Amino acid sequence: MAALAESGSNPDVDLLYDINGLAKDAPHWFDRGMEFLGEYGLLLAMVLLVLWCWWSVRRRGDSDAASSVAALVWAPLAAGLAVLVNVPIRGFVERPRPFVDHQGLDVLVTGKTGYSFVSDHATLTMAAAVALFLANRKFGLIGLGLALLEGFCRVYLGVHYPTDVVGGFALGTAVALLLSPLAMALLTPLMKAVERSPRAGRLIRARGARAARTVVPEARSERTAEERDLAA
């Protein structure tokens, strides 16, 4: 990876300077906002997005609510698993942070002493976004937008090369997609068992949604009995 740290005609380094150079011309308040977004804000937004999707699935109460919730549970699990997979990758590659090898960068986040490749933030957000997309396309598209913005922020802050971000996107996508069938095979029966519980079942289907599903068949059976009596 030493060649990637060399400047000159390296497009990775050139793009790093181009994106990070935006911070030099931006007002102080904007840089502070980007720092918060890149470090914590977008991760929090991703968590809230998954919770929002879960709340909508729970209130809707479709017949496949258990499998939908199982797919949503896979989103944070995929993110955490992808970061664990990244641990040996970072130790093997041992790529220094860009500010170690390059001068003139405007580093907005201090205390970053770990290796650079691949970006944990990019890995986390993309794994969660891809898993969320598998569960719900509308929310998943929003999640993908958040992941792309997270990747941009990491380069803007001067703590990652663009290829660190791309590597994180690839790793997060691979984990979320490749392990999704196994995760669904394990999580779906578990969520169905939770759905059958009188109390915990509310995590899968709201009380009103469940009532609507049980009252309608009874009403239909009562109307059928009345119709038969009238016919007799």
# chains A, B, ... in the order shown; residues from 1 in each chain; ligands from 1
$ residues_around --residues "range 62-70 of chain A" --least-positions-apart "3" --cutoff "12 Å" --atoms "only C-alpha atoms" --output "number ranges by chain"
A: 50-59, 73-77, 131-137, 180-196, 201-206, 208-210, 212-214
$ closest_atom_pairs --of "range 148-198 of chain A" --to "range 88-111 of chain A" --cutoff "9 Å" --atoms "only C-alpha atoms" --output "Markdown table"
| residue | atom | partner | partner_atom | distance |
| --- | --- | --- | --- | --- |
| A:Tyr156 | CA | A:Leu108 | CA | 8.4 |
| A:Leu157 | CA | A:Leu108 | CA | 5.1 |
| A:Gly158 | CA | A:Val107 | CA | 4.7 |
| A:Val159 | CA | A:Arg97 | CA | 6.1 |
| A:His160 | CA | A:Pro98 | CA | 6.1 |
| A:Tyr161 | CA | A:Pro98 | CA | 6.3 |
$ write_last_selection --atoms "all heavy atoms" --output "PDB file, in the first residue's frame"
ATOM      1  N   TYR A 156     -13.483  14.595   3.520  1.00  0.00           N
ATOM      2  CA  TYR A 156     -13.527  16.034   3.804  1.00  0.00           C
ATOM      3  C   TYR A 156     -12.814  16.345   5.112  1.00  0.00           C
ATOM      4  O   TYR A 156     -12.108  17.356   5.230  1.00  0.00           O
ATOM      5  CB  TYR A 156     -14.984  16.486   3.872  1.00  0.00           C
ATOM      6  CG  TYR A 156     -15.187  17.966   4.099  1.00  0.00           C
ATOM      7  CD1 TYR A 156     -15.352  18.842   3.028  1.00  0.00           C
ATOM      8  CD2 TYR A 156     -15.234  18.496   5.392  1.00  0.00           C
ATOM      9  CE1 TYR A 156     -15.547  20.201   3.236  1.00  0.00           C
ATOM     10  CE2 TYR A 156     -15.435  19.849   5.601  1.00  0.00           C
ATOM     11  CZ  TYR A 156     -15.583  20.694   4.527  1.00  0.00           C
ATOM     12  OH  TYR A 156     -15.772  22.044   4.738  1.00  0.00           O
ATOM     13  N   LEU A 157     -12.970  15.483   6.110  1.00  0.00           N
ATOM     14  CA  LEU A 157     -12.353  15.699   7.412  1.00  0.00           C
ATOM     15  C   LEU A 157     -10.853  15.449   7.401  1.00  0.00           C
ATOM     16  O   LEU A 157     -10.169  15.768   8.382  1.00  0.00           O
ATOM     17  CB  LEU A 157     -13.009  14.792   8.463  1.00  0.00           C
ATOM     18  CG  LEU A 157     -14.504  15.021   8.715  1.00  0.00           C
ATOM     19  CD1 LEU A 157     -15.039  13.994   9.713  1.00  0.00           C
ATOM     20  CD2 LEU A 157     -14.771  16.427   9.211  1.00  0.00           C
ATOM     21  N   GLY A 158     -10.348  14.858   6.334  1.00  0.00           N
ATOM     22  CA  GLY A 158      -8.914  14.618   6.216  1.00  0.00           C
ATOM     23  C   GLY A 158      -8.411  13.390   6.937  1.00  0.00           C
ATOM     24  O   GLY A 158      -7.206  13.268   7.178  1.00  0.00           O
ATOM     25  N   VAL A 159      -9.296  12.447   7.263  1.00  0.00           N
ATOM     26  CA  VAL A 159      -8.879  11.273   8.029  1.00  0.00           C
ATOM     27  C   VAL A 159      -8.875   9.994   7.199  1.00  0.00           C
ATOM     28  O   VAL A 159      -8.480   8.938   7.709  1.00  0.00           O
ATOM     29  CB  VAL A 159      -9.781  11.090   9.270  1.00  0.00           C
ATOM     30  CG1 VAL A 159      -9.581  12.248  10.240  1.00  0.00           C
ATOM     31  CG2 VAL A 159     -11.248  10.971   8.880  1.00  0.00           C
ATOM     32  N   HIS A 160      -9.331  10.067   5.947  1.00  0.00           N
ATOM     33  CA  HIS A 160      -9.344   8.883   5.082  1.00  0.00           C
ATOM     34  C   HIS A 160      -9.068   9.271   3.636  1.00  0.00           C
ATOM     35  O   HIS A 160      -9.433  10.374   3.186  1.00  0.00           O
ATOM     36  CB  HIS A 160     -10.697   8.161   5.150  1.00  0.00           C
ATOM     37  CG  HIS A 160     -10.877   7.313   6.362  1.00  0.00           C
ATOM     38  ND1 HIS A 160     -10.154   6.167   6.574  1.00  0.00           N
ATOM     39  CD2 HIS A 160     -11.703   7.443   7.430  1.00  0.00           C
ATOM     40  CE1 HIS A 160     -10.526   5.619   7.717  1.00  0.00           C
ATOM     41  NE2 HIS A 160     -11.462   6.388   8.252  1.00  0.00           N
ATOM     42  N   TYR A 161      -8.422   8.359   2.917  1.00  0.00           N
ATOM     43  CA  TYR A 161      -8.308   8.469   1.462  1.00  0.00           C
ATOM     44  C   TYR A 161      -9.654   8.085   0.829  1.00  0.00           C
ATOM     45  O   TYR A 161     -10.439   7.340   1.428  1.00  0.00           O
ATOM     46  CB  TYR A 161      -7.236   7.522   0.929  1.00  0.00           C
ATOM     47  CG  TYR A 161      -5.823   7.833   1.338  1.00  0.00           C
ATOM     48  CD1 TYR A 161      -5.257   7.214   2.449  1.00  0.00           C
ATOM     49  CD2 TYR A 161      -5.049   8.729   0.601  1.00  0.00           C
ATOM     50  CE1 TYR A 161      -3.948   7.475   2.814  1.00  0.00           C
ATOM     51  CE2 TYR A 161      -3.738   8.997   0.964  1.00  0.00           C
ATOM     52  CZ  TYR A 161      -3.196   8.369   2.079  1.00  0.00           C
ATOM     53  OH  TYR A 161      -1.896   8.627   2.455  1.00  0.00           O
TER      54      TYR A 161
END
$ select_by_dssp --residues "range 71-157 of chain A" --states "alpha helix (DSSP H)" --output "number ranges by chain"
A: 71-93, 98-101, 120-135, 137-156
$ atom_distance --atom1 "CA of Asn10 in chain A" --atom2 "CA of Leu144 in chain A"
27.5 Å
